[in-house]
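Data block for final_1.txt (compact mmCIF, N, CA and C atoms):
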```txt
# COMPACT_ATOMS: atom_id res chain seq x y z
N MET A 1 2.15 -14.90 3.04
CA MET A 1 2.07 -14.25 1.75
C MET A 1 2.76 -12.89 1.83
N LEU A 2 3.56 -12.56 0.84
CA LEU A 2 4.35 -11.33 0.87
C LEU A 2 3.50 -10.07 0.82
N ILE A 3 2.35 -10.12 0.16
CA ILE A 3 1.47 -8.95 0.13
C ILE A 3 1.01 -8.61 1.54
N ASN A 4 0.67 -9.62 2.31
CA ASN A 4 0.24 -9.38 3.69
C ASN A 4 1.37 -8.79 4.52
N GLU A 5 2.59 -9.26 4.33
CA GLU A 5 3.73 -8.71 5.06
C GLU A 5 3.95 -7.25 4.69
N GLY A 6 3.84 -6.94 3.41
CA GLY A 6 3.97 -5.56 2.97
C GLY A 6 2.90 -4.67 3.56
N ALA A 7 1.68 -5.17 3.59
CA ALA A 7 0.57 -4.40 4.16
C ALA A 7 0.77 -4.17 5.66
N GLU A 8 1.24 -5.17 6.35
CA GLU A 8 1.51 -5.02 7.80
C GLU A 8 2.59 -3.98 8.03
N SER A 9 3.63 -3.99 7.20
CA SER A 9 4.71 -3.02 7.34
C SER A 9 4.20 -1.60 7.09
N LEU A 10 3.35 -1.45 6.09
CA LEU A 10 2.78 -0.13 5.81
C LEU A 10 1.94 0.38 6.98
N MET A 11 1.15 -0.50 7.56
CA MET A 11 0.31 -0.09 8.69
C MET A 11 1.18 0.30 9.89
N THR A 12 2.26 -0.44 10.12
CA THR A 12 3.18 -0.11 11.21
C THR A 12 3.80 1.26 10.97
N LEU A 13 4.26 1.50 9.76
CA LEU A 13 4.84 2.80 9.43
C LEU A 13 3.82 3.92 9.57
N LYS A 14 2.62 3.69 9.09
CA LYS A 14 1.56 4.70 9.18
C LYS A 14 1.30 5.08 10.64
N ASN A 15 1.31 4.10 11.52
CA ASN A 15 1.04 4.36 12.94
C ASN A 15 2.20 5.07 13.63
N LYS A 16 3.38 5.06 13.04
CA LYS A 16 4.55 5.74 13.62
C LYS A 16 4.69 7.18 13.15
N LEU A 17 3.95 7.57 12.12
CA LEU A 17 4.08 8.92 11.59
C LEU A 17 3.57 9.95 12.58
N ASP A 18 4.29 11.04 12.69
CA ASP A 18 3.89 12.15 13.55
C ASP A 18 3.05 13.11 12.71
N THR A 19 1.74 12.97 12.80
CA THR A 19 0.86 13.78 11.96
C THR A 19 0.76 15.23 12.43
N SER A 20 1.44 15.58 13.52
CA SER A 20 1.51 16.99 13.90
C SER A 20 2.58 17.71 13.08
N LYS A 21 3.47 16.93 12.45
CA LYS A 21 4.54 17.52 11.64
C LYS A 21 4.34 17.30 10.14
N MET A 22 3.49 16.36 9.78
CA MET A 22 3.23 16.08 8.36
C MET A 22 1.81 15.55 8.21
N ASN A 23 1.31 15.62 7.00
CA ASN A 23 -0.03 15.09 6.73
C ASN A 23 -0.01 13.57 6.78
N LYS A 24 -1.16 12.99 7.10
CA LYS A 24 -1.26 11.54 7.05
C LYS A 24 -1.25 11.11 5.58
N PRO A 25 -0.84 9.88 5.29
CA PRO A 25 -0.81 9.43 3.89
C PRO A 25 -2.20 9.47 3.28
N SER A 26 -2.27 9.83 2.01
CA SER A 26 -3.57 9.86 1.33
C SER A 26 -4.00 8.46 0.92
N PHE A 27 -3.04 7.54 0.75
CA PHE A 27 -3.34 6.14 0.48
C PHE A 27 -2.12 5.30 0.79
N LEU A 28 -2.32 4.01 0.93
CA LEU A 28 -1.24 3.05 1.12
C LEU A 28 -1.32 2.03 0.00
N MET A 29 -0.15 1.64 -0.55
CA MET A 29 -0.15 0.74 -1.69
C MET A 29 1.02 -0.23 -1.61
N VAL A 30 0.73 -1.49 -1.90
CA VAL A 30 1.76 -2.51 -2.09
C VAL A 30 1.91 -2.70 -3.59
N LEU A 31 3.12 -2.50 -4.09
CA LEU A 31 3.39 -2.67 -5.52
C LEU A 31 3.94 -4.08 -5.73
N THR A 32 3.31 -4.83 -6.63
CA THR A 32 3.73 -6.20 -6.88
C THR A 32 4.38 -6.32 -8.26
N GLY A 33 5.17 -7.36 -8.44
CA GLY A 33 5.85 -7.57 -9.70
C GLY A 33 5.01 -8.30 -10.73
N VAL A 34 3.99 -9.00 -10.29
CA VAL A 34 3.15 -9.79 -11.20
C VAL A 34 1.69 -9.53 -10.91
N GLY A 35 0.86 -9.91 -11.85
CA GLY A 35 -0.59 -9.76 -11.67
C GLY A 35 -1.19 -8.98 -12.82
N ASP A 36 -2.49 -9.06 -12.94
CA ASP A 36 -3.20 -8.42 -14.04
C ASP A 36 -4.13 -7.29 -13.59
N ILE A 37 -4.58 -7.34 -12.34
CA ILE A 37 -5.54 -6.33 -11.89
C ILE A 37 -5.11 -5.75 -10.55
N ALA A 38 -5.46 -4.50 -10.35
CA ALA A 38 -5.24 -3.85 -9.07
C ALA A 38 -6.52 -3.99 -8.25
N TYR A 39 -6.38 -4.00 -6.94
CA TYR A 39 -7.56 -4.09 -6.08
C TYR A 39 -7.29 -3.42 -4.74
N ARG A 40 -8.35 -3.15 -4.03
CA ARG A 40 -8.26 -2.55 -2.70
C ARG A 40 -8.63 -3.61 -1.68
N ARG A 41 -7.76 -3.81 -0.72
CA ARG A 41 -8.01 -4.80 0.34
C ARG A 41 -9.04 -4.26 1.32
N ASN A 42 -9.54 -5.14 2.17
CA ASN A 42 -10.54 -4.73 3.17
C ASN A 42 -10.00 -3.68 4.14
N ASP A 43 -8.67 -3.67 4.36
CA ASP A 43 -8.07 -2.68 5.26
C ASP A 43 -7.77 -1.36 4.57
N GLY A 44 -8.15 -1.24 3.28
CA GLY A 44 -7.98 0.01 2.55
C GLY A 44 -6.68 0.13 1.79
N ILE A 45 -5.80 -0.85 1.91
CA ILE A 45 -4.51 -0.82 1.21
C ILE A 45 -4.71 -1.32 -0.21
N TYR A 46 -4.15 -0.56 -1.16
CA TYR A 46 -4.22 -0.96 -2.56
C TYR A 46 -3.09 -1.92 -2.90
N VAL A 47 -3.40 -2.91 -3.71
CA VAL A 47 -2.41 -3.86 -4.24
C VAL A 47 -2.41 -3.65 -5.74
N VAL A 48 -1.25 -3.23 -6.26
CA VAL A 48 -1.17 -2.82 -7.66
C VAL A 48 0.00 -3.53 -8.34
N PRO A 49 -0.26 -4.31 -9.39
CA PRO A 49 0.83 -4.88 -10.17
C PRO A 49 1.56 -3.76 -10.93
N ILE A 50 2.86 -3.88 -11.06
CA ILE A 50 3.65 -2.84 -11.72
C ILE A 50 3.19 -2.60 -13.15
N GLY A 51 2.68 -3.62 -13.82
CA GLY A 51 2.20 -3.46 -15.19
C GLY A 51 1.04 -2.50 -15.32
N CYS A 52 0.32 -2.27 -14.23
CA CYS A 52 -0.80 -1.32 -14.26
C CYS A 52 -0.34 0.12 -14.26
N LEU A 53 0.95 0.37 -14.00
CA LEU A 53 1.46 1.73 -13.93
C LEU A 53 2.00 2.22 -15.26
N LYS A 54 1.93 1.39 -16.27
CA LYS A 54 2.40 1.81 -17.59
C LYS A 54 1.52 2.93 -18.12
N PRO A 55 2.13 3.91 -18.81
CA PRO A 55 1.33 5.02 -19.35
C PRO A 55 0.46 4.60 -20.52
```

Could you quickly redo this structure as structure tokens?
Amino acid sequence: MLINEGAESLMTLKNKLDTSKMNKPSFLMVLTGVGDIAYRRNDGIYVVPIGCLKP
């Protein structure tokens, strides 16, 4: 599933960040093209359909 691949990539990137030079991310999010609701996964990563970002 592509959401899982995106989440794995985010976790890999998060673990590579040098937090002595920058702050750790305040949240991690996978943005999807379809869907009706946003949710938070068990690992803390948010999954948000792009339609939820409309003003």

key: Computed interatomic separation between CA of Gly44 (chain A) and CA of Met22 (chain A) (Å)   =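 It comes out at 20.4 Å.
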
DSSP on the backbone: what in chain A comes out strand (DSSP E or B), as a PDB file with N, CA and C atoms, in the coordinates of the input?
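Dumped everything to part.pdb:
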```
ATOM      1  N   MET A  29      -0.150   1.640  -0.550  1.00  0.00           N
ATOM      2  CA  MET A  29      -0.150   0.740  -1.690  1.00  0.00           C
ATOM      3  C   MET A  29       1.020  -0.230  -1.610  1.00  0.00           C
ATOM      4  N   VAL A  30       0.730  -1.490  -1.900  1.00  0.00           N
ATOM      5  CA  VAL A  30       1.760  -2.510  -2.090  1.00  0.00           C
ATOM      6  C   VAL A  30       1.910  -2.700  -3.590  1.00  0.00           C
ATOM      7  N   LEU A  31       3.120  -2.500  -4.090  1.00  0.00           N
ATOM      8  CA  LEU A  31       3.390  -2.670  -5.520  1.00  0.00           C
ATOM      9  C   LEU A  31       3.940  -4.080  -5.730  1.00  0.00           C
ATOM     10  N   THR A  32       3.310  -4.830  -6.630  1.00  0.00           N
ATOM     11  CA  THR A  32       3.730  -6.200  -6.880  1.00  0.00           C
ATOM     12  C   THR A  32       4.380  -6.320  -8.260  1.00  0.00           C
ATOM     13  N   TYR A  39      -6.380  -4.000  -6.940  1.00  0.00           N
ATOM     14  CA  TYR A  39      -7.560  -4.090  -6.080  1.00  0.00           C
ATOM     15  C   TYR A  39      -7.290  -3.420  -4.740  1.00  0.00           C
ATOM     16  N   ARG A  40      -8.350  -3.150  -4.030  1.00  0.00           N
ATOM     17  CA  ARG A  40      -8.260  -2.550  -2.700  1.00  0.00           C
ATOM     18  C   ARG A  40      -8.630  -3.610  -1.680  1.00  0.00           C
ATOM     19  N   TYR A  46      -4.150  -0.560  -1.160  1.00  0.00           N
ATOM     20  CA  TYR A  46      -4.220  -0.960  -2.560  1.00  0.00           C
ATOM     21  C   TYR A  46      -3.090  -1.920  -2.900  1.00  0.00           C
ATOM     22  N   VAL A  47      -3.400  -2.910  -3.710  1.00  0.00           N
ATOM     23  CA  VAL A  47      -2.410  -3.860  -4.240  1.00  0.00           C
ATOM     24  C   VAL A  47      -2.410  -3.650  -5.740  1.00  0.00           C
ATOM     25  N   VAL A  48      -1.250  -3.230  -6.260  1.00  0.00           N
ATOM     26  CA  VAL A  48      -1.170  -2.820  -7.660  1.00  0.00           C
ATOM     27  C   VAL A  48       0.000  -3.530  -8.340  1.00  0.00           C
ATOM     28  N   PRO A  49      -0.260  -4.310  -9.390  1.00  0.00           N
ATOM     29  CA  PRO A  49       0.830  -4.880 -10.170  1.00  0.00           C
ATOM     30  C   PRO A  49       1.560  -3.760 -10.930  1.00  0.00           C
TER      31      PRO A  49
END
```

request  = Up to 8 Å from (5.5, -3.2, -8.6) in the file's coordinates: name the residues, counting all atoms listed in the file, as a VMD selection string.
outcome  = chain A and resid 30 to 34 48 to 53

remark   = atom C of Ile3 (chain A) to atom N of Asp36 (chain A) measures 14.9 Å

task = Give me, please, the distance in Å between atom N of Tyr46 (chain A) and atom N of Leu13 (chain A), quoted to one decimal.
result = 13.9 Å

task = Go through A:Met29, A:Lys16, A:Pro55, A:Lys21 and flag the residue nearest Asp43 (chain A), using only C-alpha atoms for the distances.
result =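 Looking at the shortest contact to Asp43 (chain A), the residue is A:Met29.
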
With all atoms of region 34-51 of chain A from the file as input, state the centre and edge lengths in Å to one decimal of the axis-aligned box that has 4 Å extra on each side, as lines of an AutoDock Vina configuration file.
```
center_x = -3.3
center_y = -4.9
center_z = -5.0
size_x = 22.5
size_y = 18.0
size_z = 28.6
```

message = as a list in words, please: every residue in chain A that DSSP puts in alpha helix (DSSP H).
response =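 Assigned to alpha helix (DSSP H), within chain A: Leu2, Ile3, Asn4, Glu5, Gly6, Ala7, Glu8, Ser9, Leu10, Met11, Thr12, Leu13, Lys14, Asn15 and Lys16 of chain A.
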
Selection file, N, CA and C atoms, as a PDB file, in the frame of the given file:
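And here's result-v1.pdb as it stands now:
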```pdb
ATOM      1  N   LEU A   2       3.560 -12.560   0.840  1.00  0.00           N
ATOM      2  CA  LEU A   2       4.350 -11.330   0.870  1.00  0.00           C
ATOM      3  C   LEU A   2       3.500 -10.070   0.820  1.00  0.00           C
ATOM      4  N   ILE A   3       2.350 -10.120   0.160  1.00  0.00           N
ATOM      5  CA  ILE A   3       1.470  -8.950   0.130  1.00  0.00           C
ATOM      6  C   ILE A   3       1.010  -8.610   1.540  1.00  0.00           C
ATOM      7  N   ASN A   4       0.670  -9.620   2.310  1.00  0.00           N
ATOM      8  CA  ASN A   4       0.240  -9.380   3.690  1.00  0.00           C
ATOM      9  C   ASN A   4       1.370  -8.790   4.520  1.00  0.00           C
ATOM     10  N   GLU A   5       2.590  -9.260   4.330  1.00  0.00           N
ATOM     11  CA  GLU A   5       3.730  -8.710   5.060  1.00  0.00           C
ATOM     12  C   GLU A   5       3.950  -7.250   4.690  1.00  0.00           C
ATOM     13  N   GLY A   6       3.840  -6.940   3.410  1.00  0.00           N
ATOM     14  CA  GLY A   6       3.970  -5.560   2.970  1.00  0.00           C
ATOM     15  C   GLY A   6       2.900  -4.670   3.560  1.00  0.00           C
ATOM     16  N   ALA A   7       1.680  -5.170   3.590  1.00  0.00           N
ATOM     17  CA  ALA A   7       0.570  -4.400   4.160  1.00  0.00           C
ATOM     18  C   ALA A   7       0.770  -4.170   5.660  1.00  0.00           C
ATOM     19  N   GLU A   8       1.240  -5.170   6.350  1.00  0.00           N
ATOM     20  CA  GLU A   8       1.510  -5.020   7.800  1.00  0.00           C
ATOM     21  C   GLU A   8       2.590  -3.980   8.030  1.00  0.00           C
ATOM     22  N   SER A   9       3.630  -3.990   7.200  1.00  0.00           N
ATOM     23  CA  SER A   9       4.710  -3.020   7.340  1.00  0.00           C
ATOM     24  C   SER A   9       4.200  -1.600   7.090  1.00  0.00           C
ATOM     25  N   LEU A  10       3.350  -1.450   6.090  1.00  0.00           N
ATOM     26  CA  LEU A  10       2.780  -0.130   5.810  1.00  0.00           C
ATOM     27  C   LEU A  10       1.940   0.380   6.980  1.00  0.00           C
ATOM     28  N   MET A  11       1.150  -0.500   7.560  1.00  0.00           N
ATOM     29  CA  MET A  11       0.310  -0.090   8.690  1.00  0.00           C
ATOM     30  C   MET A  11       1.180   0.300   9.890  1.00  0.00           C
ATOM     31  N   THR A  12       2.260  -0.440  10.120  1.00  0.00           N
ATOM     32  CA  THR A  12       3.180  -0.110  11.210  1.00  0.00           C
ATOM     33  C   THR A  12       3.800   1.260  10.970  1.00  0.00           C
ATOM     34  N   LEU A  13       4.260   1.500   9.760  1.00  0.00           N
ATOM     35  CA  LEU A  13       4.840   2.800   9.430  1.00  0.00           C
ATOM     36  C   LEU A  13       3.820   3.920   9.570  1.00  0.00           C
ATOM     37  N   LYS A  14       2.620   3.690   9.090  1.00  0.00           N
ATOM     38  CA  LYS A  14       1.560   4.700   9.180  1.00  0.00           C
ATOM     39  C   LYS A  14       1.300   5.080  10.640  1.00  0.00           C
ATOM     40  N   ASN A  15       1.310   4.100  11.520  1.00  0.00           N
ATOM     41  CA  ASN A  15       1.040   4.360  12.940  1.00  0.00           C
ATOM     42  C   ASN A  15       2.200   5.070  13.630  1.00  0.00           C
ATOM     43  N   LYS A  16       3.380   5.060  13.040  1.00  0.00           N
ATOM     44  CA  LYS A  16       4.550   5.740  13.620  1.00  0.00           C
ATOM     45  C   LYS A  16       4.690   7.180  13.150  1.00  0.00           C
TER      46      LYS A  16
END
```
